[in-house]
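As structure tokens, the structure follows; a few thoughts come after it.
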Amino acid sequence: MKTEILRAALFTPISEGRWGLPILFWSDPGEGKTSVIREVCADYGLPCTVLSPGEMGEGAFGVIPVPDKSGVIKYPPPEWTLAHDDAGGVVFIDEMSSTPPALQPPLLGLLFARRIGGKTLSARTRVIGAANPPEVAAGGFDLAPPVANRCGHIDWSAPTPDEHAAYMMSGSTGGRESTKKTFDAEAEEARVLAAWPDAWAWAVGLETAFLRRRPGLKNKCPKAGDPKASKAWPSDRSWENATRALASARVNGLSEVVRDEFVTSFIGSGPANEWFAFIADSDLPDPSDVLDGKVRFSHDRTRLDRTAAVLTACVSLVTPNGAARRAERVSALWSLFAELHEEKSLGDVLVPPVFAMTRANLHAKEGRPLLAKMNNLLKAAGITVANAGL
């Protein structure tokens, strides 16, 4: 299960063309985390750089200021970053709970923006971590809440006796690290990207509809001293990561059990369990099937949240630049909006997706008749639609 989550995390698209959800695996020392992570990287031919904060110190994190000849202070990148200029790969932060408080701020940029010192790593560089509980780590520290909130937290299971035996018999190198890659990373990225728009739009619809119903679960930073502050808790950032994990689970064919652990790792079990119940109850159609006419969506007056989720998913599918079949699907979506507008109780549900379409400038032609009908409602919501011919 942990290997499935690791592979899915490595091949999850994130913002600005980058790859990889940052997963942090927790266990007691010596339970095989490092070996398995390096083996999975080797399977895909992804260069793996191991950083050990407690071992390498601040020089490895690009935080030492150095004046150049003109006296300008710069932060030269560490030598290890050279391996991630083009091919990407994986930065594996081992013993992450041995990172002293003074070195945790540099982790923020590395985990979120793939930035180290004055250098931004390749968009294909992923970041994965492993940690021991602070009480058994070598010089252990709790993770600061901003660092913890950037990661998914997975409890690592120690290998079974059979798994341990297979590992011991696999060769003196301790596994497959020295063998040629088994999978093509670029081909896997291409496969994921082809399936991603539908899965992402579907997941966004479910996340936004759920949080409209349960807004109190959106930002719940634990109090100072709470052990949960160093693990998973819900914020806007971690909800986005959880939504990406949900979409990635769909694209990568994870079982429901594995999907649940992957998603839970970002927002914690309480919010995640409520969300899973909502997902099961909603049973949303794929947005592409709705807009391509393969599935006819029927509004249920008792389930406004489900209608909101479907509309959000459809909008999320057509708004990105370069979206597939964009013109036809935009036209179909405005037709769906117009059909639903006849339901007098749906005005408030229609306002957010209609406004999102106008912000994406996808309203000039097909949307004009409906916008004219909704003009007063939009103004009442404080929304002014520009360039709509109204």
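Residue names in the structure tokens use chain letters A, B, ... in the order shown, residue numbers from 1 in each chain, and ligand numbers from 1 in the order shown.
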Please return, as a ChimeraX atom specification, all residues of range 75-202 of chain A that DSSP assigns to helix (DSSP H, G or I) on the basis of the backbone. /A:79-84,96-98,101-113,145-148,161-168,185-202
Which polymer residues have any atom within 7 Å of an atom of range 148-161 of chain A, counting only C-alpha atoms, with same-chain residues fewer than 6 positions away left out, as a ChimeraX atom specification? /A:2,22-27,31,111-112,230-233,238,265-266
Suppose we keep N, CA, C and O atoms; can you now write the selection as a PDB file, in the first residue's frame?
ATOM      1  N   LYS A   2       1.938   1.279   0.817  1.00  0.00           N
ATOM      2  CA  LYS A   2       2.769   2.478   0.905  1.00  0.00           C
ATOM      3  C   LYS A   2       3.472   2.744  -0.429  1.00  0.00           C
ATOM      4  O   LYS A   2       3.624   3.896  -0.834  1.00  0.00           O
ATOM      5  N   PRO A  22       4.256  16.242  -1.952  1.00  0.00           N
ATOM      6  CA  PRO A  22       5.266  15.925  -0.926  1.00  0.00           C
ATOM      7  C   PRO A  22       4.683  15.045   0.171  1.00  0.00           C
ATOM      8  O   PRO A  22       3.835  15.469   0.947  1.00  0.00           O
ATOM      9  N   ILE A  23       5.119  13.804   0.202  1.00  0.00           N
ATOM     10  CA  ILE A  23       4.669  12.838   1.201  1.00  0.00           C
ATOM     11  C   ILE A  23       5.787  12.640   2.225  1.00  0.00           C
ATOM     12  O   ILE A  23       6.968  12.543   1.866  1.00  0.00           O
ATOM     13  N   LEU A  24       5.405  12.571   3.503  1.00  0.00           N
ATOM     14  CA  LEU A  24       6.365  12.335   4.578  1.00  0.00           C
ATOM     15  C   LEU A  24       5.989  11.028   5.267  1.00  0.00           C
ATOM     16  O   LEU A  24       4.892  10.895   5.826  1.00  0.00           O
ATOM     17  N   PHE A  25       6.885  10.050   5.197  1.00  0.00           N
ATOM     18  CA  PHE A  25       6.634   8.731   5.785  1.00  0.00           C
ATOM     19  C   PHE A  25       7.213   8.684   7.202  1.00  0.00           C
ATOM     20  O   PHE A  25       8.382   8.996   7.419  1.00  0.00           O
ATOM     21  N   TRP A  26       6.377   8.260   8.156  1.00  0.00           N
ATOM     22  CA  TRP A  26       6.769   8.203   9.561  1.00  0.00           C
ATOM     23  C   TRP A  26       6.880   6.750  10.033  1.00  0.00           C
ATOM     24  O   TRP A  26       6.013   5.930   9.750  1.00  0.00           O
ATOM     25  N   SER A  27       7.949   6.452  10.773  1.00  0.00           N
ATOM     26  CA  SER A  27       8.052   5.158  11.456  1.00  0.00           C
ATOM     27  C   SER A  27       9.215   5.223  12.425  1.00  0.00           C
ATOM     28  O   SER A  27      10.001   6.176  12.430  1.00  0.00           O
ATOM     29  N   GLU A  31      13.143   0.773   9.641  1.00  0.00           N
ATOM     30  CA  GLU A  31      12.046  -0.034   9.105  1.00  0.00           C
ATOM     31  C   GLU A  31      11.954   0.006   7.583  1.00  0.00           C
ATOM     32  O   GLU A  31      10.916  -0.286   7.009  1.00  0.00           O
ATOM     33  N   LEU A 111       9.696  22.373  -0.239  1.00  0.00           N
ATOM     34  CA  LEU A 111       8.504  21.535  -0.306  1.00  0.00           C
ATOM     35  C   LEU A 111       7.441  22.103  -1.235  1.00  0.00           C
ATOM     36  O   LEU A 111       6.757  21.367  -1.946  1.00  0.00           O
ATOM     37  N   PHE A 112       7.296  23.422  -1.235  1.00  0.00           N
ATOM     38  CA  PHE A 112       6.192  24.033  -1.971  1.00  0.00           C
ATOM     39  C   PHE A 112       6.572  24.465  -3.376  1.00  0.00           C
ATOM     40  O   PHE A 112       5.872  24.157  -4.349  1.00  0.00           O
ATOM     41  N   SER A 230       2.122  18.963  14.158  1.00  0.00           N
ATOM     42  CA  SER A 230       3.239  18.436  13.369  1.00  0.00           C
ATOM     43  C   SER A 230       2.812  17.339  12.404  1.00  0.00           C
ATOM     44  O   SER A 230       3.659  16.696  11.782  1.00  0.00           O
ATOM     45  N   LYS A 231       1.513  17.135  12.284  1.00  0.00           N
ATOM     46  CA  LYS A 231       1.003  16.108  11.377  1.00  0.00           C
ATOM     47  C   LYS A 231      -0.023  16.740  10.433  1.00  0.00           C
ATOM     48  O   LYS A 231       0.089  17.908  10.075  1.00  0.00           O
ATOM     49  N   ALA A 232      -1.024  15.970  10.028  1.00  0.00           N
ATOM     50  CA  ALA A 232      -1.991  16.435   9.025  1.00  0.00           C
ATOM     51  C   ALA A 232      -3.105  17.247   9.679  1.00  0.00           C
ATOM     52  O   ALA A 232      -3.677  16.826  10.681  1.00  0.00           O
ATOM     53  N   TRP A 233      -3.405  18.403   9.098  1.00  0.00           N
ATOM     54  CA  TRP A 233      -4.557  19.199   9.538  1.00  0.00           C
ATOM     55  C   TRP A 233      -5.042  20.037   8.358  1.00  0.00           C
ATOM     56  O   TRP A 233      -4.287  20.342   7.437  1.00  0.00           O
ATOM     57  N   SER A 238      -3.713  22.426   2.336  1.00  0.00           N
ATOM     58  CA  SER A 238      -3.776  20.966   2.440  1.00  0.00           C
ATOM     59  C   SER A 238      -5.055  20.416   1.804  1.00  0.00           C
ATOM     60  O   SER A 238      -5.070  19.274   1.325  1.00  0.00           O
ATOM     61  N   SER A 265      -3.897  11.704   4.474  1.00  0.00           N
ATOM     62  CA  SER A 265      -2.557  12.128   4.892  1.00  0.00           C
ATOM     63  C   SER A 265      -2.383  13.646   4.870  1.00  0.00           C
ATOM     64  O   SER A 265      -1.499  14.169   5.547  1.00  0.00           O
ATOM     65  N   PHE A 266      -3.235  14.343   4.140  1.00  0.00           N
ATOM     66  CA  PHE A 266      -3.095  15.797   4.041  1.00  0.00           C
ATOM     67  C   PHE A 266      -4.026  16.556   4.987  1.00  0.00           C
ATOM     68  O   PHE A 266      -3.661  17.633   5.469  1.00  0.00           O
TER      69      PHE A 266
END
Counting only C-alpha atoms, what are the residues of range 206-266 of chain A within 8 Å of range 178-201 of chain A, and for each of them which pair of atoms is the nearest and at what distance in Å, to one decimal? Sort the table by chain and rising number, as a tab-separated table.
residue	atom	partner	partner_atom	distance
A:Thr243	CA	A:Trp200	CA	7.8
A:Arg244	CA	A:Trp200	CA	7.0
A:Ala247	CA	A:Ala199	CA	4.9
A:Ser248	CA	A:Ala199	CA	7.5
A:Arg250	CA	A:Ala199	CA	6.5
A:Val251	CA	A:Ala195	CA	6.3
A:Asn252	CA	A:Val192	CA	7.7
Could you turn the residues from that selection into a file that holds C-alpha atoms, as a PDB file, in the first residue's frame?
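To be explicit, this is the file written out as result35.pdb:
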ATOM      1  CA  THR A 243      -7.997  17.187  -3.846  1.00  0.00           C
ATOM      2  CA  ARG A 244      -4.969  16.437  -6.001  1.00  0.00           C
ATOM      3  CA  ALA A 247      -7.719  12.985  -8.526  1.00  0.00           C
ATOM      4  CA  SER A 248      -4.406  11.124  -8.583  1.00  0.00           C
ATOM      5  CA  ARG A 250      -8.556   8.052  -9.726  1.00  0.00           C
ATOM      6  CA  VAL A 251      -5.964   8.400 -12.477  1.00  0.00           C
ATOM      7  CA  ASN A 252      -3.634   5.817 -10.944  1.00  0.00           C
TER       8      ASN A 252
END
For Leu346 in chain A: contacts at 12 Å, only C-alpha atoms, fewer than 6 positions along chain excluded, given as a list in words: His299, Asp300, Arg301, Thr302, Arg303, Leu304, Asp305, Thr307, Ala308, Leu311, Phe337, Ala338, Glu339, Leu340, Pro352, Pro353, Met374 and Leu377 of chain A
Which residue out of A:Ile116, A:Ala224, A:Ala356, A:Leu350 has the minimum interatomic distance to Val315 in chain A when only C-alpha atoms are used? A:Ala356
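For the atom pair formed by CA of Arg329 in chain A and CA of Ser288 in chain A, the distance is 8.1 Å, given to one decimal.
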Do you have the CA of Ser52 in chain A-CA of Ile93 in chain A distance handy? 5.9 Å
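The interatomic distance for the pair CA of Thr99 in chain A and CA of Pro53 in chain A works out to 5.2 Å.
When the distance limit is 7 Å and only C-alpha atoms are what count, the residues near Gly205 in chain A, minus those fewer than 6 positions from it on the same chain, are Ala309, Val310, Thr312 and Ala313 of chain A.
The nearest approach to Thr34 in chain A among the residues A:Pro47, A:Gly129, A:Gly382, A:Pro105, with only C-alpha atoms taken into account, belongs to A:Gly129.
Secondary structure by DSSP on the backbone puts the following residues of range 81-145 of chain A in strand (DSSP E or B): Gly89, Val90, Val91, Phe92, Ile93, Arg115, Ile116, Lys119, Thr120, Thr125, Arg126, Val127, Ile128, Gly129, Ala130 and Ala131 of chain A.
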Counting only C-alpha atoms, what is within 8 Å of Gly118 in chain A, bar same-chain residues fewer than 6 positions away, as a PyMOL selection string? chain A and resi 62+74-77
Save out the residues we just selected, all heavy atoms, as a PDB file, in the first residue's frame.
ATOM      1  N   GLY A  62      21.163  25.955   1.173  1.00  0.00           N
ATOM      2  CA  GLY A  62      21.284  27.206   0.440  1.00  0.00           C
ATOM      3  C   GLY A  62      20.996  28.447   1.249  1.00  0.00           C
ATOM      4  O   GLY A  62      20.518  29.440   0.693  1.00  0.00           O
ATOM      5  N   LYS A  74      24.552  36.979  -2.166  1.00  0.00           N
ATOM      6  CA  LYS A  74      23.827  35.945  -2.904  1.00  0.00           C
ATOM      7  C   LYS A  74      23.791  34.666  -2.084  1.00  0.00           C
ATOM      8  O   LYS A  74      24.546  34.510  -1.115  1.00  0.00           O
ATOM      9  CB  LYS A  74      24.484  35.693  -4.264  1.00  0.00           C
ATOM     10  CG  LYS A  74      24.433  36.894  -5.202  1.00  0.00           C
ATOM     11  CD  LYS A  74      24.954  36.562  -6.573  1.00  0.00           C
ATOM     12  CE  LYS A  74      24.795  37.752  -7.521  1.00  0.00           C
ATOM     13  NZ  LYS A  74      25.298  37.459  -8.882  1.00  0.00           N
ATOM     14  N   TYR A  75      22.896  33.765  -2.486  1.00  0.00           N
ATOM     15  CA  TYR A  75      22.762  32.486  -1.820  1.00  0.00           C
ATOM     16  C   TYR A  75      23.039  31.383  -2.839  1.00  0.00           C
ATOM     17  O   TYR A  75      22.125  30.900  -3.506  1.00  0.00           O
ATOM     18  CB  TYR A  75      21.358  32.342  -1.225  1.00  0.00           C
ATOM     19  CG  TYR A  75      21.104  33.312  -0.087  1.00  0.00           C
ATOM     20  CD1 TYR A  75      20.692  34.615  -0.343  1.00  0.00           C
ATOM     21  CD2 TYR A  75      21.322  32.929   1.228  1.00  0.00           C
ATOM     22  CE1 TYR A  75      20.484  35.515   0.694  1.00  0.00           C
ATOM     23  CE2 TYR A  75      21.108  33.813   2.271  1.00  0.00           C
ATOM     24  CZ  TYR A  75      20.697  35.104   2.002  1.00  0.00           C
ATOM     25  OH  TYR A  75      20.488  35.989   3.039  1.00  0.00           O
ATOM     26  N   PRO A  76      24.294  31.007  -2.987  1.00  0.00           N
ATOM     27  CA  PRO A  76      24.634  30.015  -4.017  1.00  0.00           C
ATOM     28  C   PRO A  76      23.981  28.678  -3.724  1.00  0.00           C
ATOM     29  O   PRO A  76      23.900  28.243  -2.575  1.00  0.00           O
ATOM     30  CB  PRO A  76      26.159  29.916  -3.917  1.00  0.00           C
ATOM     31  CG  PRO A  76      26.485  30.413  -2.543  1.00  0.00           C
ATOM     32  CD  PRO A  76      25.459  31.438  -2.213  1.00  0.00           C
ATOM     33  N   PRO A  77      23.504  28.016  -4.776  1.00  0.00           N
ATOM     34  CA  PRO A  77      22.851  26.714  -4.574  1.00  0.00           C
ATOM     35  C   PRO A  77      23.857  25.657  -4.168  1.00  0.00           C
ATOM     36  O   PRO A  77      25.014  25.678  -4.614  1.00  0.00           O
ATOM     37  CB  PRO A  77      22.237  26.408  -5.937  1.00  0.00           C
ATOM     38  CG  PRO A  77      23.065  27.184  -6.911  1.00  0.00           C
ATOM     39  CD  PRO A  77      23.493  28.424  -6.188  1.00  0.00           C
TER      40      PRO A  77
END
